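*Asks:* query.txt is the file, holding compact mmCIF, C-alpha atoms:
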# COMPACT_ATOMS: atom_id res chain seq x y z
CA MET A 1 15.49 40.49 9.45
CA ASP A 2 17.19 42.25 12.33
CA LEU A 3 20.15 44.48 11.48
CA LEU A 4 22.42 41.91 13.13
CA SER A 5 21.05 38.45 12.43
CA LEU A 6 21.42 35.54 14.84
CA THR A 7 24.16 33.92 12.80
CA GLU A 8 26.18 37.17 12.82
CA GLN A 9 25.81 38.00 16.51
CA ASN A 10 28.90 38.07 18.68
CA SER A 11 30.17 34.77 20.08
CA GLY A 12 29.58 34.06 23.75
CA TYR A 13 33.30 33.31 24.01
CA ASP A 14 36.25 35.68 23.72
CA ASN A 15 40.04 35.68 23.79
CA LEU A 16 40.01 32.37 21.96
CA GLU A 17 43.70 32.68 21.13
CA LYS A 18 44.48 32.56 24.87
CA MET A 19 42.48 29.38 25.54
CA GLN A 20 44.06 25.97 25.94
CA VAL A 21 43.22 23.50 23.17
CA ALA A 22 41.27 21.33 25.62
CA ASP A 23 39.14 24.35 26.59
CA LEU A 24 38.58 25.25 22.94
CA LEU A 25 37.39 21.74 22.17
CA ARG A 26 35.15 21.54 25.24
CA SER A 27 33.57 24.88 24.40
CA ILE A 28 32.95 23.94 20.76
CA ASN A 29 31.44 20.65 21.90
CA ASN A 30 29.14 22.45 24.35
CA GLU A 31 27.90 24.67 21.54
CA ASP A 32 27.41 21.68 19.24
CA LYS A 33 25.20 20.02 21.87
CA THR A 34 22.64 22.77 21.33
CA VAL A 35 22.25 22.08 17.60
CA ALA A 36 20.08 18.96 17.86
CA LEU A 37 17.72 20.82 20.20
CA ALA A 38 17.41 23.64 17.67
CA VAL A 39 16.65 21.11 14.92
CA GLU A 40 14.02 19.50 17.16
CA GLN A 41 12.10 22.77 17.28
CA ALA A 42 11.82 22.73 13.48
CA LEU A 43 10.63 19.11 13.10
CA PRO A 44 7.01 20.02 12.24
CA GLU A 45 8.24 22.10 9.28
CA VAL A 46 10.68 19.37 8.22
CA ASP A 47 7.78 16.90 8.31
CA GLN A 48 5.70 19.03 5.92
CA LEU A 49 8.61 19.47 3.52
CA VAL A 50 9.43 15.75 3.45
CA GLN A 51 5.80 14.88 2.72
CA LYS A 52 5.97 17.21 -0.26
CA VAL A 53 9.28 15.75 -1.48
CA ILE A 54 7.75 12.25 -1.40
CA ASP A 55 4.80 13.51 -3.46
CA VAL A 56 7.22 15.10 -5.93
CA PHE A 57 9.17 11.85 -6.34
CA LYS A 58 5.99 9.83 -6.84
CA GLY A 59 4.81 12.38 -9.40
CA GLY A 60 7.94 11.98 -11.49
CA GLY A 61 9.64 15.14 -10.26
CA ARG A 62 13.10 15.87 -8.90
CA LEU A 63 14.57 17.43 -5.76
CA PHE A 64 17.04 20.30 -6.23
CA TYR A 65 19.26 21.80 -3.56
CA ILE A 66 20.72 25.23 -4.27
CA GLY A 67 23.17 27.16 -2.11
CA SER A 68 26.52 28.90 -1.93
CA GLY A 69 29.69 28.17 0.02
CA THR A 70 29.28 25.66 2.84
CA SER A 71 25.52 25.48 2.30
CA GLY A 72 25.96 24.64 -1.37
CA ARG A 73 28.58 22.00 -0.62
CA LEU A 74 26.35 20.33 1.96
CA GLY A 75 23.54 20.10 -0.59
CA ILE A 76 25.88 18.53 -3.14
CA VAL A 77 27.15 15.99 -0.60
CA ASP A 78 23.60 14.96 0.31
CA ALA A 79 22.53 14.70 -3.34
CA SER A 80 25.61 12.72 -4.36
CA GLU A 81 25.04 10.11 -1.66
CA CYS A 82 21.50 9.23 -2.75
CA PRO A 83 22.31 7.07 -5.82
CA PRO A 84 24.80 4.72 -4.11
CA THR A 85 22.77 4.53 -0.91
CA TYR A 86 19.31 4.07 -2.37
CA GLY A 87 19.95 3.00 -5.97
CA VAL A 88 18.10 5.97 -7.44
CA PRO A 89 19.15 7.72 -10.68
CA HIS A 90 21.76 10.46 -10.36
CA GLY A 91 19.24 12.97 -11.69
CA LEU A 92 16.64 12.45 -8.96
CA VAL A 93 18.37 14.60 -6.32
CA ILE A 94 20.59 17.38 -7.70
CA GLY A 95 22.86 19.76 -5.81
CA ILE A 96 23.76 23.16 -7.29
CA ILE A 97 26.35 25.56 -5.88
CA ALA A 98 26.95 29.23 -6.70
CA GLY A 99 30.00 29.48 -8.92
CA GLY A 100 29.59 26.01 -10.42
CA ASP A 101 31.44 22.80 -9.67
CA GLY A 102 34.73 24.64 -9.23
CA ALA A 103 33.27 26.28 -6.13
CA ILE A 104 33.02 22.91 -4.41
CA ARG A 105 36.75 23.14 -3.66
CA LYS A 106 37.54 26.84 -4.00
CA ALA A 107 35.41 29.90 -3.28
CA VAL A 108 34.32 31.81 -6.39
CA GLU A 109 34.47 35.56 -5.81
CA GLY A 110 31.07 37.25 -5.81
CA ALA A 111 29.14 34.14 -6.89
CA GLU A 112 26.71 34.26 -3.97
CA ASP A 113 25.78 37.86 -4.77
CA ASP A 114 24.65 37.09 -8.34
CA THR A 115 20.88 37.58 -8.49
CA GLN A 116 20.43 36.06 -11.96
CA GLN A 117 22.62 32.98 -12.03
CA GLY A 118 20.71 30.84 -9.51
CA PHE A 119 17.63 30.34 -11.64
CA ALA A 120 19.77 30.14 -14.79
CA ASP A 121 21.64 27.23 -13.19
CA LEU A 122 18.31 25.53 -12.48
CA GLU A 123 17.19 26.12 -16.06
CA ASP A 124 20.25 24.20 -17.25
CA PHE A 125 18.49 21.15 -15.80
CA LEU A 126 15.17 22.03 -17.47
CA ILE A 127 13.53 22.76 -14.13
CA ASN A 128 9.75 22.43 -14.31
CA GLU A 129 6.57 22.41 -12.24
CA LYS A 130 6.98 18.75 -11.30
CA ASP A 131 10.15 19.55 -9.35
CA ILE A 132 10.89 21.02 -5.93
CA VAL A 133 13.77 23.38 -5.11
CA ILE A 134 15.20 23.73 -1.61
CA GLY A 135 17.38 26.77 -0.96
CA ILE A 136 20.08 26.35 1.67
CA SER A 137 21.44 29.50 3.31
CA ALA A 138 22.63 29.93 6.89
CA SER A 139 21.98 33.67 6.85
CA GLY A 140 18.81 33.39 4.78
CA SER A 141 19.94 36.45 2.84
CA THR A 142 22.13 34.96 0.07
CA PRO A 143 21.04 36.75 -3.15
CA TYR A 144 21.93 33.78 -5.38
CA VAL A 145 19.54 31.58 -3.39
CA ALA A 146 16.82 34.11 -2.63
CA HIS A 147 16.39 35.22 -6.24
CA ALA A 148 16.44 31.62 -7.49
CA LEU A 149 13.54 30.79 -5.15
CA LYS A 150 11.73 33.97 -6.17
CA LYS A 151 11.94 32.97 -9.85
CA CYS A 152 10.79 29.45 -9.00
CA HIS A 153 7.80 30.92 -7.18
CA GLU A 154 6.98 33.07 -10.20
CA ASN A 155 7.16 30.01 -12.46
CA GLY A 156 4.93 27.77 -10.33
CA ILE A 157 7.74 25.59 -8.97
CA VAL A 158 7.42 24.45 -5.34
CA THR A 159 10.12 25.77 -3.03
CA GLY A 160 11.55 25.03 0.40
CA CYS A 161 14.48 26.29 2.40
CA ILE A 162 16.82 25.55 5.29
CA VAL A 163 17.98 28.73 7.04
CA CYS A 164 19.32 29.59 10.49
CA ASN A 165 17.68 32.99 11.00
CA SER A 166 14.04 33.97 11.38
CA GLY A 167 12.14 36.19 8.96
CA SER A 168 14.74 35.94 6.19
CA THR A 169 14.43 36.87 2.52
CA VAL A 170 15.09 33.29 1.47
CA ALA A 171 12.32 32.01 3.74
CA SER A 172 9.90 34.59 2.35
CA TRP A 173 10.09 32.85 -1.06
CA ALA A 174 9.80 29.31 0.32
CA ASP A 175 6.52 27.42 0.35
CA TYR A 176 8.06 25.17 3.01
CA ALA A 177 10.45 27.16 5.21
CA ILE A 178 12.64 25.42 7.78
CA GLU A 179 14.23 27.83 10.24
CA VAL A 180 16.76 26.21 12.59
CA LEU A 181 17.82 28.92 15.03
CA THR A 182 21.29 27.81 16.11
CA GLY A 183 22.35 31.21 17.46
CA PRO A 184 25.78 32.86 17.50
CA GLU A 185 28.74 30.76 16.38
CA PHE A 186 31.75 29.90 18.56
CA VAL A 187 33.88 31.94 16.15
CA THR A 188 31.67 34.92 15.33
CA GLY A 189 29.97 34.49 11.94
CA SER A 190 31.60 31.12 11.16
CA THR A 191 28.40 29.45 9.97
CA ARG A 192 30.23 26.36 8.75
CA MET A 193 30.06 25.35 12.43
CA LYS A 194 26.69 25.14 14.23
CA ALA A 195 24.63 26.36 11.29
CA GLY A 196 26.38 23.96 8.94
CA THR A 197 25.88 21.08 11.36
CA ALA A 198 22.18 21.90 11.61
CA GLN A 199 21.82 22.05 7.84
CA LYS A 200 23.54 18.68 7.48
CA MET A 201 21.22 17.14 10.08
CA VAL A 202 18.13 18.44 8.31
CA LEU A 203 19.41 17.30 4.91
CA ASN A 204 19.97 13.82 6.35
CA MET A 205 16.39 13.83 7.59
CA ILE A 206 14.92 15.02 4.31
CA THR A 207 16.51 12.47 2.01
CA THR A 208 16.38 9.57 4.46
CA ALA A 209 12.70 10.02 5.28
CA ALA A 210 11.84 10.77 1.65
CA MET A 211 13.64 7.68 0.39
CA VAL A 212 11.84 5.53 2.96
CA GLY A 213 8.55 7.05 1.79
CA TYR A 214 9.57 6.48 -1.82
CA GLY A 215 10.01 2.76 -1.16
CA ARG A 216 13.81 2.58 -1.22
CA VAL A 217 14.16 0.95 2.22
CA GLU A 218 12.86 -2.41 3.39
CA GLY A 219 12.64 -2.93 7.13
CA ASN A 220 15.72 -0.98 8.14
CA LYS A 221 17.90 -2.04 5.23
CA MET A 222 19.13 -0.21 2.13
CA VAL A 223 18.12 -3.04 -0.18
CA HIS A 224 18.47 -0.87 -3.30
CA MET A 225 22.04 0.27 -2.58
CA ASN A 226 24.77 -0.13 -5.19
CA LEU A 227 27.26 -2.78 -4.06
CA SER A 228 30.30 -0.87 -5.28
CA ASN A 229 32.97 -2.33 -2.98
CA SER A 230 33.73 -5.44 -0.95
CA LYS A 231 32.33 -3.97 2.28
CA LEU A 232 28.98 -3.31 0.64
CA VAL A 233 28.93 -6.74 -1.00
CA GLU A 234 29.37 -8.28 2.45
CA ARG A 235 26.57 -6.10 3.76
CA GLY A 236 24.36 -7.24 0.89
CA ILE A 237 25.07 -10.89 1.65
CA ARG A 238 24.16 -10.36 5.31
CA MET A 239 20.90 -8.69 4.27
CA ILE A 240 19.96 -11.70 2.15
CA MET A 241 20.90 -14.13 4.92
CA GLU A 242 18.75 -12.23 7.41
CA LYS A 243 15.76 -11.89 5.09
CA THR A 244 15.79 -15.43 3.68
CA GLY A 245 17.41 -17.69 6.26
CA LEU A 246 19.82 -18.96 3.60
CA SER A 247 23.43 -19.79 4.42
CA ARG A 248 26.22 -17.40 3.58
CA VAL A 249 27.28 -19.46 0.58
CA GLU A 250 23.72 -19.69 -0.71
CA SER A 251 23.13 -15.95 -0.16
CA GLU A 252 26.32 -15.02 -2.00
CA ALA A 253 25.37 -17.27 -4.92
CA LEU A 254 21.88 -15.77 -5.05
CA LEU A 255 23.33 -12.25 -5.02
CA MET A 256 25.76 -13.03 -7.85
CA LYS A 257 23.01 -14.67 -9.87
CA ASN A 258 20.98 -11.45 -9.61
CA ASP A 259 23.60 -8.95 -10.80
CA ASN A 260 24.76 -8.07 -7.28
CA SER A 261 21.36 -6.55 -6.55
CA VAL A 262 19.95 -7.26 -3.11
CA VAL A 263 16.42 -6.29 -4.08
CA LYS A 264 16.51 -8.51 -7.18
CA ALA A 265 17.91 -11.38 -5.13
CA LEU A 266 15.13 -11.07 -2.56
CA GLU A 267 12.47 -10.88 -5.28
CA SER A 268 13.95 -13.97 -6.92
CA PHE A 269 13.89 -15.87 -3.62
CA ARG A 270 10.31 -14.90 -2.86
CA THR A 271 9.01 -15.93 -6.27
CA SER A 272 10.96 -19.19 -6.49
Could I get this structure in the form of C-alpha cells?

*Replies:*
Amino acid sequence: MDLLSLTEQNSGYDNLEKMQVADLLRSINNEDKTVALAVEQALPEVDQLVQKVIDVFKGGGRLFYIGSGTSGRLGIVDASECPPTYGVPHGLVIGIIAGGDGAIRKAVEGAEDDTQQGFADLEDFLINEKDIVIGISASGSTPYVAHALKKCHENGIVTGCIVCNSGSTVASWADYAIEVLTGPEFVTGSTRMKAGTAQKMVLNMITTAAMVGYGRVEGNKMVHMNLSNSKLVERGIRMIMEKTGLSRVESEALLMKNDNSVVKALESFRTS
C-alpha cells in the first residue's frame, strides 16, 4: 500500500470551519454522489463473492462479518437485519466487532490493533470450513481484521473483504476481495463518511442478493419476514391479497390461521 493510502489523503476541501452550513451540506452531498460510481466499478467482484455466499448457505455454512469501529458496526447492522427481514436463524449471518459488543456503542482502546483476538472471536462461534468470513476495513490495514483473515486462510476457511484502498493487507488474505476506491474523505481520514457509505451499499448487495439466491424472496416480496409489528402484519396481508386474489378479510384470516407466516399462508392456499 502507498505510504499515504487513498482513505488518508488530504480532503479536496479546506477551511471547513469558515463555510456556511448550506455549502458544507452541498459539498458533502457532491462527494456522496461519487460513492455509487465507485461501487459500480467493483460489481464483478461483488458478484463472485455473492455466488460464493449462496453456495455456503446451501452447504449448511454461515456468513461472518468481522471489523472494527464503523466497519464492525456496519457488519453487525447488516447481520442483525437478516432474521427479521428474511426469516433466517440468527446464527446464519453473524457480525463481530473488535472489542466485543461494548464497542458497538463506545470505542474500545487498542482493540483494532490486536492481532490475536480476531480469530479467537471467530473460534467462539466454532468457525469451520463450511463458513465464509468477510473482513470489513476501510483502510484495509486493520490488524484485528487482517490477522483474522490470515488465520482463516491457514485453516481452510473461505475469506472475502470490503476495503476502500487498493493492494491492502486485508485484501491480500481474501479469496474474494472487494476494493471500492472512494478516495479522500470530506473531512480528512473520516472514513465513516464515503467509505462507510460504500461499505453499507456493498453489504446491502451481498445479503440481499444472497438471500434471493437462497430462496428467501418470492417475486419481489419478503415472504419469509417476521411479522413483528402492526406495520409488517399489514404488509403481510397485502402480500397474500396480491398473491391469492383473496379479500382483505380472507387474507387476514388465512394469515392468522398460519401463525402469522406469509409463506405458510401462501403454501396453505396453494395446496387447498

*Asks:* Return as CSV the residues of stretch 48-89 of chain A lying at most 6 Å from stretch 219-238 of chain A, together with the closest atom-to-atom pair for each and the distance in Å to one decimal, counting all atoms listed in the file, with rows in chain order and ascending residue number.

*Replies:*
residue,atom,partner,partner_atom,distance
A:Pro84,CA,A:Asn226,CA,5.0
A:Thr85,CA,A:Met225,CA,4.6
A:Tyr86,CA,A:Met225,CA,4.7
A:Gly87,CA,A:Met225,CA,4.8

*Asks:* Do you have the atom CA of A:Leu266-atom CA of A:Gly60 distance handy?

*Replies:*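 For atom CA of A:Leu266 relative to atom CA of A:Gly60, the distance reads 25.7 Å.
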
*Asks:* Give me the stretch 139-236 of chain A side of the contact with stretch 61-69 of chain A, cut-off 10 Å, one line per residue showing its nearest atom pair and distance in Å at one decimal, counting only C-alpha atoms, sorted by chain and residue number, as CSV.

*Replies:*
residue,atom,partner,partner_atom,distance
A:Thr142,CA,A:Ser68,CA,7.7
A:Pro143,CA,A:Ser68,CA,9.7
A:Tyr144,CA,A:Gly67,CA,7.5
A:Val145,CA,A:Gly67,CA,5.9
A:Ala146,CA,A:Gly67,CA,9.4
A:Ala148,CA,A:Ile66,CA,8.3
A:Leu149,CA,A:Ile66,CA,9.1
A:Thr159,CA,A:Phe64,CA,9.4
A:Gly160,CA,A:Tyr65,CA,9.2
A:Cys161,CA,A:Tyr65,CA,8.9
A:Ile162,CA,A:Gly67,CA,9.9
A:Arg192,CA,A:Gly69,CA,8.9
A:Leu203,CA,A:Tyr65,CA,9.6
A:Thr207,CA,A:Leu63,CA,9.4

*Asks:* Centre and edge lengths of an axis-aligned box around all listed atoms of stretch 163-173 of chain A, with 4 Å added on each side, are to be given in Å to one decimal, as JSON.

*Replies:*
{"center_x": 14.6, "center_y": 32.8, "center_z": 5.2, "size_x": 17.4, "size_y": 16.1, "size_z": 20.4}

*Asks:* Grab the atom CA of A:Gly213 to atom CA of A:Phe57 distance for me, in Å with one decimal place.

*Replies:*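 The value is 9.5 Å.
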
*Asks:* Using only C-alpha atoms, which protein or nucleic acid residues come within 9 Å of A:Ser5? Drop anything in the same chain fewer than 5 positions from it, and give the result as a list of chain:residue names.

*Replies:* A:Ser139, A:Asn165, A:Ser166, A:Gly183, A:Pro184

*Asks:* In Å, rounded to a single decimal, give me how far atom CA of A:Arg26 is from atom CA of A:Val180.

*Replies:*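 Separating atom CA of A:Val180 from atom CA of A:Arg26 is a distance of 22.8 Å.
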
*Asks:* Can you pull out every residue within 9 Å of A:Tyr13, counting all atoms listed in the file, but drop anything in the same chain fewer than 6 positions away, and send it as a PyMOL selection string?

*Replies:* chain A and resi 27+186-188

*Asks:* Might you pull out every residue within 7 Å of A:Ala42, with all atoms listed in the file counted and same-chain residues fewer than 4 positions away left off, and present them as a list in words?

*Replies:*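 Listing them by chain and then by number gives Val46, Ile178, Glu179 and Val180 of chain A.
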
*Asks:* Measuring atom to atom with only C-alpha atoms, identify which of A:Tyr214, A:Phe125, A:Phe269, A:Trp173 is nearest to A:Gly156.

*Replies:*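 Distance minimum relative to A:Gly156 lands on A:Trp173.
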
*Asks:* Closest to A:Thr182 among A:Asp23, A:Glu40, A:Asp14, A:Glu123, using all atoms listed in the file?

*Replies:*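 Distance minimum relative to A:Thr182 lands on A:Glu40.
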
*Asks:* Counting all atoms listed in the file, what is within 9 Å of A:Pro83, bar same-chain residues fewer than 4 positions away, as an MDAnalysis selection string?

*Replies:* chainID A and resid 79 87:93 225:226

*Asks:* Skipping near chain neighbours, those fewer than 2 positions away, what residues fall within 8 Å of A:Lys194 using all atoms listed in the file, listed as a compact mmCIF listing (two decimals) with C-alpha atoms, in the frame of the given file?

*Replies:*
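File written: result_6.txt
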# COMPACT_ATOMS: atom_id res chain seq x y z
CA GLU A 31 27.90 24.67 21.54
CA ASP A 32 27.41 21.68 19.24
CA VAL A 35 22.25 22.08 17.60
CA THR A 182 21.29 27.81 16.11
CA GLU A 185 28.74 30.76 16.38
CA THR A 191 28.40 29.45 9.97
CA ARG A 192 30.23 26.36 8.75
CA GLY A 196 26.38 23.96 8.94
CA THR A 197 25.88 21.08 11.36
CA ALA A 198 22.18 21.90 11.61

*Asks:* Considering only C-alpha atoms, state which residue in the set A:Met256, A:Met193, A:Ile76, A:Ala209 is at the smallest distance from A:Lys33.

*Replies:*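 Result for the nearest residue to A:Lys33: A:Met193.
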
*Asks:* With distances taken over only C-alpha atoms, which of A:Ser141, A:Thr70, A:Ser190, A:Asn258 is nearest to A:Thr169?

*Replies:*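 Of A:Ser141, A:Thr70, A:Ser190, A:Asn258, the one nearest A:Thr169 is A:Ser141, counting only C-alpha atoms.
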
*Asks:* Of the candidates A:Val39, A:Val263, A:Ser80, A:Cys164, which shows the shortest atom-to-atom distance to A:Gly140, using only C-alpha atoms?

*Replies:*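 Selected residue with least distance to A:Gly140: A:Cys164.
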